[in-house]
Amino acid sequence: MAAAQVMKSEWTKIRSVQSTVWTLASALVVTVAFGALFSALSNSQFSNMSRSDRLTFDPTSVSFAGIVLGQLALIVFGVLVVSNEYSTGMIRMSLAAVPQRATFYFSKIVVATVLAFVVGVVTSFATYFLGQALLGSHRSHIGDPGVLRAVFGAALYMTLITMFSMGIASLLRSPMLSLGILMPFFFLISNILGSVSATKKVGEYLPDQAGRQITQVVSSSHDAPYGPWAGLGIMALWVVAAVLAGYVLLKKRDA
């Protein structure tokens, strides 16, 4: 079966399962809603901030505060796209129809990645413009230095987090096991490692913390020892490792 036909079948699988459609929609709603909430709160509390906090206030980054929660929906989407077939046993029929495992695997990755990117672009621009509107006089403008990079980079970050989740789900094959590892890792462990001084250096090189540097425009004393694009590059290395490892195991293991 040609790659174009396989991608068309993967597109049909994704849009015919309500859970994958709803998780993508949830990622948009949650990210925009919480970004708007944090922006409105920051605007109302700006006069109470210390002088140093005002000098390092980053309105662009504030509008993307909701991405921490929105990424959880993208993680679920990435896991479900891959592991749904294993939990239902449909993987056997899929591999019988497409015995070329590289074509099957990477077609699935490409289709889900394009979807995540489209949703990521819509989400990041909606989050930015709504957040800035709520920040009032403290807002940034899309033409300011580094702002367009941060907005577009947020879409890339959301795409990469989805790809990373697909790679991990390919390794583990179980939706419950994949979510049981990814959710606490990104929601708790990564934040704990990044906030404790003894483990902060380790946390800075985890995929989410490195990747989110792309949404920052204003430098502060807490910045990581690399720039925004280098941070996204570190995250991309994690993604490549997870996706390739998933492919290697798919090729070696029985369905």
# chains A, B, ... in the order shown; residues from 1 in each chain; ligands from 1
>>> select_by_dssp(residues="range 41-231 of chain A", states="helix (DSSP H, G or I)", output="PDB file with C-alpha atoms, in the first residue's frame")
ATOM      1  CA  LEU A  41      -4.660  38.271  36.985  1.00  0.00           C
ATOM      2  CA  SER A  42      -1.213  39.592  36.057  1.00  0.00           C
ATOM      3  CA  ASN A  43      -2.723  42.829  34.798  1.00  0.00           C
ATOM      4  CA  SER A  44      -4.720  43.326  37.985  1.00  0.00           C
ATOM      5  CA  GLN A  45      -1.727  42.551  40.224  1.00  0.00           C
ATOM      6  CA  PHE A  46       0.933  44.435  38.248  1.00  0.00           C
ATOM      7  CA  SER A  47       0.877  47.477  40.531  1.00  0.00           C
ATOM      8  CA  ASN A  48       1.564  45.203  43.534  1.00  0.00           C
ATOM      9  CA  ARG A  51      10.331  46.676  41.076  1.00  0.00           C
ATOM     10  CA  SER A  52      12.545  43.747  39.982  1.00  0.00           C
ATOM     11  CA  ASP A  53       9.495  41.703  38.961  1.00  0.00           C
ATOM     12  CA  ARG A  54       8.185  44.608  36.900  1.00  0.00           C
ATOM     13  CA  LEU A  55      11.530  45.006  35.119  1.00  0.00           C
ATOM     14  CA  PRO A  59       3.791  39.676  28.849  1.00  0.00           C
ATOM     15  CA  THR A  60       4.303  37.205  25.995  1.00  0.00           C
ATOM     16  CA  SER A  61       5.346  34.381  28.300  1.00  0.00           C
ATOM     17  CA  VAL A  62       2.496  35.174  30.729  1.00  0.00           C
ATOM     18  CA  SER A  63      -0.094  34.682  27.980  1.00  0.00           C
ATOM     19  CA  ILE A  67       0.307  25.743  27.926  1.00  0.00           C
ATOM     20  CA  VAL A  68       1.413  23.768  31.015  1.00  0.00           C
ATOM     21  CA  LEU A  69      -2.139  22.413  31.356  1.00  0.00           C
ATOM     22  CA  GLY A  70      -2.973  22.351  27.653  1.00  0.00           C
ATOM     23  CA  GLN A  71      -0.012  20.100  26.941  1.00  0.00           C
ATOM     24  CA  LEU A  72      -1.620  17.386  29.063  1.00  0.00           C
ATOM     25  CA  ALA A  73      -4.445  17.115  26.517  1.00  0.00           C
ATOM     26  CA  LEU A  74      -1.868  16.854  23.724  1.00  0.00           C
ATOM     27  CA  ILE A  75      -0.084  14.094  25.633  1.00  0.00           C
ATOM     28  CA  VAL A  76      -3.369  12.185  25.838  1.00  0.00           C
ATOM     29  CA  PHE A  77      -3.944  12.750  22.115  1.00  0.00           C
ATOM     30  CA  GLY A  78      -0.485  11.428  21.210  1.00  0.00           C
ATOM     31  CA  VAL A  79      -0.891   8.377  23.435  1.00  0.00           C
ATOM     32  CA  LEU A  80      -4.372   7.538  22.128  1.00  0.00           C
ATOM     33  CA  VAL A  81      -3.385   7.858  18.470  1.00  0.00           C
ATOM     34  CA  VAL A  82      -0.809   5.097  18.925  1.00  0.00           C
ATOM     35  CA  SER A  83      -2.068   2.892  21.731  1.00  0.00           C
ATOM     36  CA  ASN A  84      -5.776   2.724  20.832  1.00  0.00           C
ATOM     37  CA  GLU A  85      -4.936   0.104  18.219  1.00  0.00           C
ATOM     38  CA  TYR A  86      -3.071  -2.021  20.755  1.00  0.00           C
ATOM     39  CA  SER A  87      -5.817  -1.869  23.378  1.00  0.00           C
ATOM     40  CA  THR A  88      -8.492  -2.894  20.849  1.00  0.00           C
ATOM     41  CA  MET A  90      -6.801  -3.579  15.772  1.00  0.00           C
ATOM     42  CA  ILE A  91      -3.017  -3.401  15.418  1.00  0.00           C
ATOM     43  CA  ARG A  92      -2.994  -6.951  14.000  1.00  0.00           C
ATOM     44  CA  MET A  93      -5.332  -6.004  11.164  1.00  0.00           C
ATOM     45  CA  SER A  94      -3.444  -2.766  10.539  1.00  0.00           C
ATOM     46  CA  LEU A  95      -0.107  -4.551  10.207  1.00  0.00           C
ATOM     47  CA  ALA A  96      -1.673  -7.257   8.044  1.00  0.00           C
ATOM     48  CA  ALA A  97      -2.984  -4.540   5.699  1.00  0.00           C
ATOM     49  CA  ARG A 101       6.125  -1.266   9.329  1.00  0.00           C
ATOM     50  CA  ALA A 102       8.134   1.875   8.555  1.00  0.00           C
ATOM     51  CA  THR A 103       5.371   3.083   6.220  1.00  0.00           C
ATOM     52  CA  PHE A 104       2.681   2.267   8.802  1.00  0.00           C
ATOM     53  CA  TYR A 105       4.506   3.833  11.733  1.00  0.00           C
ATOM     54  CA  PHE A 106       5.762   7.033  10.145  1.00  0.00           C
ATOM     55  CA  SER A 107       2.486   7.639   8.277  1.00  0.00           C
ATOM     56  CA  LYS A 108       0.714   7.608  11.636  1.00  0.00           C
ATOM     57  CA  ILE A 109       3.345   9.936  13.115  1.00  0.00           C
ATOM     58  CA  VAL A 110       3.124  12.357  10.157  1.00  0.00           C
ATOM     59  CA  VAL A 111      -0.687  12.599  10.142  1.00  0.00           C
ATOM     60  CA  ALA A 112      -0.943  13.152  13.904  1.00  0.00           C
ATOM     61  CA  THR A 113       1.972  15.617  13.837  1.00  0.00           C
ATOM     62  CA  VAL A 114       0.370  17.735  11.106  1.00  0.00           C
ATOM     63  CA  LEU A 115      -2.893  17.794  13.077  1.00  0.00           C
ATOM     64  CA  ALA A 116      -1.102  18.769  16.283  1.00  0.00           C
ATOM     65  CA  PHE A 117       0.803  21.505  14.428  1.00  0.00           C
ATOM     66  CA  VAL A 118      -2.371  23.009  12.933  1.00  0.00           C
ATOM     67  CA  VAL A 119      -4.073  23.002  16.345  1.00  0.00           C
ATOM     68  CA  GLY A 120      -0.866  24.341  17.899  1.00  0.00           C
ATOM     69  CA  VAL A 121      -0.696  27.312  15.496  1.00  0.00           C
ATOM     70  CA  VAL A 122      -4.357  28.215  16.060  1.00  0.00           C
ATOM     71  CA  THR A 123      -3.959  27.797  19.828  1.00  0.00           C
ATOM     72  CA  SER A 124      -0.751  29.809  20.148  1.00  0.00           C
ATOM     73  CA  PHE A 125      -1.988  32.806  18.135  1.00  0.00           C
ATOM     74  CA  ALA A 126      -5.393  32.799  19.896  1.00  0.00           C
ATOM     75  CA  THR A 127      -3.672  32.519  23.273  1.00  0.00           C
ATOM     76  CA  TYR A 128      -1.288  35.348  22.492  1.00  0.00           C
ATOM     77  CA  PHE A 129      -3.799  37.873  21.137  1.00  0.00           C
ATOM     78  CA  LEU A 130      -6.416  37.200  23.849  1.00  0.00           C
ATOM     79  CA  GLY A 131      -3.789  37.304  26.583  1.00  0.00           C
ATOM     80  CA  GLN A 132      -2.335  40.591  25.345  1.00  0.00           C
ATOM     81  CA  ALA A 133      -5.782  42.146  25.109  1.00  0.00           C
ATOM     82  CA  LEU A 134      -6.344  41.293  28.793  1.00  0.00           C
ATOM     83  CA  LEU A 135      -2.928  42.649  29.806  1.00  0.00           C
ATOM     84  CA  GLY A 136      -3.974  46.162  28.777  1.00  0.00           C
ATOM     85  CA  SER A 137      -1.148  48.684  28.900  1.00  0.00           C
ATOM     86  CA  HIS A 138       1.352  45.984  29.942  1.00  0.00           C
ATOM     87  CA  VAL A 147       7.518  37.962  20.086  1.00  0.00           C
ATOM     88  CA  LEU A 148       6.650  36.325  16.757  1.00  0.00           C
ATOM     89  CA  ARG A 149       9.367  33.749  17.439  1.00  0.00           C
ATOM     90  CA  ALA A 150       7.781  32.977  20.821  1.00  0.00           C
ATOM     91  CA  VAL A 151       4.258  32.657  19.367  1.00  0.00           C
ATOM     92  CA  PHE A 152       5.298  30.410  16.502  1.00  0.00           C
ATOM     93  CA  GLY A 153       7.655  28.536  18.823  1.00  0.00           C
ATOM     94  CA  ALA A 154       4.775  27.747  21.169  1.00  0.00           C
ATOM     95  CA  ALA A 155       3.065  25.952  18.276  1.00  0.00           C
ATOM     96  CA  LEU A 156       6.259  23.986  17.609  1.00  0.00           C
ATOM     97  CA  TYR A 157       6.505  23.119  21.302  1.00  0.00           C
ATOM     98  CA  MET A 158       2.954  21.722  21.339  1.00  0.00           C
ATOM     99  CA  THR A 159       3.711  19.703  18.211  1.00  0.00           C
ATOM    100  CA  LEU A 160       6.891  18.252  19.691  1.00  0.00           C
ATOM    101  CA  ILE A 161       5.195  17.280  22.958  1.00  0.00           C
ATOM    102  CA  THR A 162       2.636  15.321  20.905  1.00  0.00           C
ATOM    103  CA  MET A 163       5.369  13.552  18.925  1.00  0.00           C
ATOM    104  CA  PHE A 164       7.231  12.682  22.126  1.00  0.00           C
ATOM    105  CA  SER A 165       4.059  11.151  23.563  1.00  0.00           C
ATOM    106  CA  MET A 166       3.541   9.087  20.406  1.00  0.00           C
ATOM    107  CA  GLY A 167       7.086   7.760  20.670  1.00  0.00           C
ATOM    108  CA  ILE A 168       6.645   6.775  24.330  1.00  0.00           C
ATOM    109  CA  ALA A 169       3.267   5.161  23.571  1.00  0.00           C
ATOM    110  CA  SER A 170       4.915   3.131  20.797  1.00  0.00           C
ATOM    111  CA  LEU A 171       7.472   1.887  23.307  1.00  0.00           C
ATOM    112  CA  LEU A 172       4.930   0.937  25.991  1.00  0.00           C
ATOM    113  CA  PRO A 175      -2.528   3.676  27.041  1.00  0.00           C
ATOM    114  CA  MET A 176      -2.837   3.332  30.812  1.00  0.00           C
ATOM    115  CA  LEU A 177       0.868   2.645  31.297  1.00  0.00           C
ATOM    116  CA  SER A 178       1.877   5.454  28.922  1.00  0.00           C
ATOM    117  CA  LEU A 179      -0.386   8.006  30.607  1.00  0.00           C
ATOM    118  CA  GLY A 180       0.597   6.670  34.031  1.00  0.00           C
ATOM    119  CA  ILE A 181       4.208   7.571  33.274  1.00  0.00           C
ATOM    120  CA  LEU A 182       3.847  10.712  31.137  1.00  0.00           C
ATOM    121  CA  MET A 183       1.247  12.551  33.245  1.00  0.00           C
ATOM    122  CA  PRO A 184       3.100  12.523  36.573  1.00  0.00           C
ATOM    123  CA  PHE A 185       6.406  13.061  34.776  1.00  0.00           C
ATOM    124  CA  PHE A 186       5.331  16.309  33.081  1.00  0.00           C
ATOM    125  CA  PHE A 187       2.894  17.520  35.740  1.00  0.00           C
ATOM    126  CA  LEU A 188       4.877  16.742  38.880  1.00  0.00           C
ATOM    127  CA  ILE A 189       8.353  15.268  38.521  1.00  0.00           C
ATOM    128  CA  SER A 190       9.644  17.705  35.914  1.00  0.00           C
ATOM    129  CA  ASN A 191       8.410  20.717  37.903  1.00  0.00           C
ATOM    130  CA  ILE A 192       9.841  19.362  41.157  1.00  0.00           C
ATOM    131  CA  LEU A 193      13.239  18.691  39.598  1.00  0.00           C
ATOM    132  CA  GLY A 194      13.238  22.163  38.072  1.00  0.00           C
ATOM    133  CA  SER A 195      12.329  23.946  41.293  1.00  0.00           C
ATOM    134  CA  LYS A 200      17.576  22.221  38.837  1.00  0.00           C
ATOM    135  CA  LYS A 201      20.380  21.604  36.324  1.00  0.00           C
ATOM    136  CA  VAL A 202      18.921  18.196  35.496  1.00  0.00           C
ATOM    137  CA  GLY A 203      15.417  19.656  35.154  1.00  0.00           C
ATOM    138  CA  PRO A 207      12.014  18.039  27.187  1.00  0.00           C
ATOM    139  CA  ASP A 208       9.238  20.283  28.538  1.00  0.00           C
ATOM    140  CA  GLN A 209      11.441  22.697  30.456  1.00  0.00           C
ATOM    141  CA  ALA A 210      13.955  22.993  27.622  1.00  0.00           C
ATOM    142  CA  GLY A 211      11.234  23.409  24.987  1.00  0.00           C
ATOM    143  CA  ARG A 212       9.244  26.055  26.873  1.00  0.00           C
ATOM    144  CA  GLN A 213      12.220  28.419  26.718  1.00  0.00           C
ATOM    145  CA  ILE A 214      11.007  29.268  23.215  1.00  0.00           C
ATOM    146  CA  THR A 215       7.995  31.133  24.695  1.00  0.00           C
ATOM    147  CA  PRO A 228      15.200  29.671  23.098  1.00  0.00           C
ATOM    148  CA  TRP A 229      16.109  27.831  19.892  1.00  0.00           C
ATOM    149  CA  ALA A 230      18.766  25.734  21.631  1.00  0.00           C
ATOM    150  CA  GLY A 231      16.126  24.733  24.199  1.00  0.00           C
TER     151      GLY A 231
END
>>> atom_distance(atom1="CA of Glu204 in chain A", atom2="CA of Met235 in chain A")
10.5 Å
